[in-house]
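Notes follow the structure.
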Amino acid sequence: MADIVPRREDTPEPGDELSSEVRAWVLELNALWQKIGMSRNRFAAANPIDKGTLSRYLNGKRVPRDHWLLDRLLSIQAERGKAVSEEVREHLVDLQLNALKVSHPHGYQLRRISDELEISAVNQREAERYANSLKEQLDDRNRKLVEYTRRIDELSGQQSKLRAAWDSNRAELEAEIAELTQKLTLAREQARVAGQRSRDLERVLDIIEVGPEDAPLGGLGGISLESPAAVATLLRSLPDLDALTEATALAARAANDAPLDHPAEIAELLNAFSDLRLDNQKVALAARAAN
């Protein structure tokens, strides 16, 4: 092998009685031994192996069953900056196994089983580490799921409360809007009636200021009948102006032509007819309203 230094010239050749497999292993083992440059006594003193066993390994009389010796020699070489490649390591392991298989079949079987057991133990540890890692990830995801579910429940509860509050506020707002809309409609109607009443009263005021000779009360024929309530107010004020004849004429117009769109104003006009004893006009207007 390229990573192993050549055997020194003074290193004795393995015995001829060795099989080719054991011989190949012993040659490489001695080459590796020479490369680390340690005496057998020193190595035996620093490691759990006696000198006699080490000598039998190096001369091929015994082939080590385990891989401790090979691992230790390669480790020493790596510590000195001369690590071998993985390919060389595998080659040396194969040589040792082949030699062990030939020289000690039972030991070879034990070694293979031991190696498989070691591999299995490594795989088990890796699988357990991986399983523990997965369990930690699973526990973490479960914790997050529980937290997310709790947050969602909280948000759903808050949303329900907000929805209920909104529905309540919305109902109140809708009721207020309806009430304000009704009040606005009534206020506009009252403004319309008040405006019409003001115009009619201005006409009466003009008549009073000018005098009955220059502005006869017959001018009330131009009074608008759009607001029956305004007409009722005007009718009640005319007797005080000694204008009963004109009031009767205006009442006759209202009984025949006043719009019937506002029942409350029609009722007020009928009451004005009653107050002024304008019975014919009252009957005529009541008949129109009834139809």
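Numbering starts fresh at 1 for the residues of each chain in the structure tokens, the chains themselves are lettered A, B, ... in the order given, and ligands are numbered from 1 as they appear.
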
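Residues surrounding Leu269 of chain A within 7 Å are Pro228, Ala229 and Ala232 of chain A [only C-alpha atoms; sequence separation below 6 positions excluded].
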
Name all residues at most 12 Å from Ala286 of chain A (count only C-alpha atoms; drop same-chain ones fewer than 2 positions away) and give them as a tab-separated table (two decimals) with N, CA, C and O atoms, in the first residue's frame.
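For reference, selection.tsv as written:
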chain	number	residue	atom	x	y	z
A	254	ALA	N	-111.80	76.40	0.19
A	254	ALA	CA	-111.04	75.34	0.85
A	254	ALA	C	-111.82	74.04	0.88
A	254	ALA	O	-111.26	72.95	0.70
A	255	ALA	N	-113.16	74.14	1.11
A	255	ALA	CA	-113.97	72.92	1.16
A	255	ALA	C	-113.97	72.19	-0.17
A	255	ALA	O	-114.01	70.95	-0.21
A	256	ASN	N	-113.87	72.95	-1.27
A	256	ASN	CA	-113.94	72.34	-2.59
A	256	ASN	C	-112.56	71.99	-3.18
A	256	ASN	O	-112.44	71.03	-3.94
A	258	ALA	N	-109.15	72.37	-1.32
A	258	ALA	CA	-107.99	72.11	-0.45
A	258	ALA	C	-107.50	70.67	-0.65
A	258	ALA	O	-108.31	69.75	-0.73
A	260	LEU	N	-106.14	66.99	0.09
A	260	LEU	CA	-106.49	66.07	1.18
A	260	LEU	C	-105.32	65.17	1.59
A	260	LEU	O	-105.53	64.13	2.22
A	263	PRO	N	-104.21	64.38	6.51
A	263	PRO	CA	-105.44	64.23	7.31
A	263	PRO	C	-105.47	65.10	8.55
A	263	PRO	O	-106.52	65.61	8.94
A	266	ILE	N	-106.48	68.53	7.56
A	266	ILE	CA	-107.90	68.55	7.20
A	266	ILE	C	-108.76	68.58	8.46
A	266	ILE	O	-109.77	69.31	8.55
A	267	ALA	N	-108.34	67.81	9.48
A	267	ALA	CA	-109.09	67.80	10.74
A	267	ALA	C	-109.05	69.17	11.39
A	267	ALA	O	-110.06	69.65	11.95
A	268	GLU	N	-107.87	69.83	11.32
A	268	GLU	CA	-107.77	71.18	11.89
A	268	GLU	C	-108.67	72.17	11.15
A	268	GLU	O	-109.31	73.05	11.75
A	269	LEU	N	-108.73	72.03	9.81
A	269	LEU	CA	-109.58	72.91	9.00
A	269	LEU	C	-111.06	72.68	9.32
A	269	LEU	O	-111.87	73.62	9.41
A	270	LEU	N	-111.46	71.42	9.51
A	270	LEU	CA	-112.85	71.11	9.88
A	270	LEU	C	-113.20	71.74	11.22
A	270	LEU	O	-114.33	72.24	11.43
A	271	ASN	N	-112.22	71.70	12.16
A	271	ASN	CA	-112.46	72.33	13.46
A	271	ASN	C	-112.65	73.85	13.31
A	271	ASN	O	-113.48	74.46	14.00
A	273	PHE	N	-113.87	75.34	10.67
A	273	PHE	CA	-115.23	75.52	10.14
A	273	PHE	C	-116.26	75.46	11.27
A	273	PHE	O	-117.22	76.25	11.31
A	274	SER	N	-116.05	74.49	12.19
A	274	SER	CA	-116.99	74.36	13.30
A	274	SER	C	-116.97	75.61	14.17
A	274	SER	O	-118.03	76.11	14.61
A	279	ASP	N	-121.16	75.55	8.63
A	279	ASP	CA	-121.60	74.16	8.57
A	279	ASP	C	-121.62	73.60	7.16
A	279	ASP	O	-121.26	72.44	6.93
A	280	ASN	N	-122.05	74.40	6.20
A	280	ASN	CA	-122.12	73.89	4.82
A	280	ASN	C	-120.73	73.52	4.30
A	280	ASN	O	-120.53	72.48	3.67
A	281	GLN	N	-119.78	74.40	4.60
A	281	GLN	CA	-118.42	74.14	4.15
A	281	GLN	C	-117.85	72.89	4.87
A	281	GLN	O	-117.11	72.10	4.29
A	282	LYS	N	-118.22	72.74	6.13
A	282	LYS	CA	-117.74	71.60	6.90
A	282	LYS	C	-118.27	70.32	6.31
A	282	LYS	O	-117.55	69.33	6.16
A	283	VAL	N	-119.59	70.33	5.94
A	283	VAL	CA	-120.18	69.12	5.39
A	283	VAL	C	-119.53	68.78	4.05
A	283	VAL	O	-119.23	67.61	3.75
A	284	ALA	N	-119.28	69.81	3.22
A	284	ALA	CA	-118.70	69.58	1.91
A	284	ALA	C	-117.28	69.00	2.02
A	284	ALA	O	-116.91	68.04	1.32
A	288	ARG	N	-115.80	65.20	0.98
A	288	ARG	CA	-114.64	64.94	0.12
A	288	ARG	C	-113.62	64.06	0.82
A	288	ARG	O	-113.08	63.12	0.24
A	289	ALA	N	-113.37	64.35	2.10
A	289	ALA	CA	-112.37	63.58	2.85
A	289	ALA	C	-112.83	62.13	3.00
A	289	ALA	O	-112.04	61.19	2.94
A	290	ALA	N	-114.14	61.92	3.21
A	290	ALA	CA	-114.67	60.56	3.38
A	290	ALA	C	-114.52	59.76	2.09
A	290	ALA	O	-114.21	58.56	2.12
A	291	ASN	N	-114.73	60.41	0.96
A	291	ASN	CA	-114.60	59.71	-0.33
A	291	ASN	C	-113.15	59.39	-0.63
A	291	ASN	O	-112.84	58.47	-1.37

Which of segment 56-243 of chain A fall in alpha helix (DSSP H), as a PyMOL selection string: chain A and resi 56-59+68-79+86-103+105-210+228-237

Taking only C-alpha atoms into account, name the residue in A:Arg89, A:Arg163, A:Arg56, A:Arg42 that is nearest to Asp71 of chain A.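 Looking at the shortest contact to Asp71 of chain A, the residue is A:Arg89.
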
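Counting only C-alpha atoms, the residue from A:Leu285, A:Asn169, A:Ile76, A:Asp66 that sits nearest to Ile113 of chain A is A:Asp66.
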
What does the distance from atom CA of Leu235 of chain A to atom CA of Ala249 of chain A come to in Å, to one decimal? 10.2 Å

Calculated over only C-alpha atoms, which of the candidates A:Leu244, A:Ala178, A:Leu250, A:Ile36 has the smallest distance to Arg80 of chain A? A:Ile36

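As for atom CA of Pro48 of chain A and atom CA of Val102 of chain A, they are spaced 26.0 Å apart.
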
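Neighbouring residues of Asn41 of chain A at 12 Å or closer, counting only C-alpha atoms and skipping chain neighbours under 5 positions away, are A:Ala46, A:Asn47, A:Pro48, A:Ile49, A:Asp50, A:Lys51, A:Gly52, A:Thr53, A:Leu54, A:Ser55.
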
Now that the selection is made, can you save its residues with N, CA, C and O atoms as a PDB file, in the first residue's frame?
ATOM      1  N   ALA A  46       2.755   1.213  27.544  1.00  0.00           N
ATOM      2  CA  ALA A  46       1.796   2.318  27.410  1.00  0.00           C
ATOM      3  C   ALA A  46       0.400   1.844  27.037  1.00  0.00           C
ATOM      4  O   ALA A  46      -0.531   2.648  27.022  1.00  0.00           O
ATOM      5  N   ASN A  47       0.217   0.562  26.740  1.00  0.00           N
ATOM      6  CA  ASN A  47      -1.076   0.083  26.272  1.00  0.00           C
ATOM      7  C   ASN A  47      -1.431  -1.228  26.959  1.00  0.00           C
ATOM      8  O   ASN A  47      -0.549  -1.946  27.444  1.00  0.00           O
ATOM      9  N   PRO A  48      -2.697  -1.592  26.994  1.00  0.00           N
ATOM     10  CA  PRO A  48      -3.132  -2.817  27.687  1.00  0.00           C
ATOM     11  C   PRO A  48      -2.828  -4.078  26.881  1.00  0.00           C
ATOM     12  O   PRO A  48      -3.734  -4.779  26.430  1.00  0.00           O
ATOM     13  N   ILE A  49      -1.544  -4.367  26.672  1.00  0.00           N
ATOM     14  CA  ILE A  49      -1.117  -5.560  25.950  1.00  0.00           C
ATOM     15  C   ILE A  49       0.282  -5.928  26.432  1.00  0.00           C
ATOM     16  O   ILE A  49       1.100  -5.058  26.721  1.00  0.00           O
ATOM     17  N   ASP A  50       0.558  -7.216  26.535  1.00  0.00           N
ATOM     18  CA  ASP A  50       1.894  -7.614  26.988  1.00  0.00           C
ATOM     19  C   ASP A  50       2.815  -7.800  25.787  1.00  0.00           C
ATOM     20  O   ASP A  50       2.363  -7.969  24.653  1.00  0.00           O
ATOM     21  N   LYS A  51       4.095  -7.778  26.044  1.00  0.00           N
ATOM     22  CA  LYS A  51       5.097  -7.858  24.979  1.00  0.00           C
ATOM     23  C   LYS A  51       5.013  -9.170  24.229  1.00  0.00           C
ATOM     24  O   LYS A  51       5.165  -9.223  23.005  1.00  0.00           O
ATOM     25  N   GLY A  52       4.774 -10.302  24.930  1.00  0.00           N
ATOM     26  CA  GLY A  52       4.713 -11.612  24.285  1.00  0.00           C
ATOM     27  C   GLY A  52       3.576 -11.671  23.276  1.00  0.00           C
ATOM     28  O   GLY A  52       3.747 -12.170  22.154  1.00  0.00           O
ATOM     29  N   THR A  53       2.403 -11.178  23.659  1.00  0.00           N
ATOM     30  CA  THR A  53       1.256 -11.190  22.737  1.00  0.00           C
ATOM     31  C   THR A  53       1.543 -10.317  21.538  1.00  0.00           C
ATOM     32  O   THR A  53       1.235 -10.684  20.389  1.00  0.00           O
ATOM     33  N   LEU A  54       2.152  -9.148  21.777  1.00  0.00           N
ATOM     34  CA  LEU A  54       2.482  -8.249  20.677  1.00  0.00           C
ATOM     35  C   LEU A  54       3.443  -8.924  19.710  1.00  0.00           C
ATOM     36  O   LEU A  54       3.293  -8.810  18.478  1.00  0.00           O
ATOM     37  N   SER A  55       4.452  -9.676  20.257  1.00  0.00           N
ATOM     38  CA  SER A  55       5.418 -10.369  19.403  1.00  0.00           C
ATOM     39  C   SER A  55       4.734 -11.432  18.551  1.00  0.00           C
ATOM     40  O   SER A  55       5.032 -11.586  17.358  1.00  0.00           O
TER      41      SER A  55
END
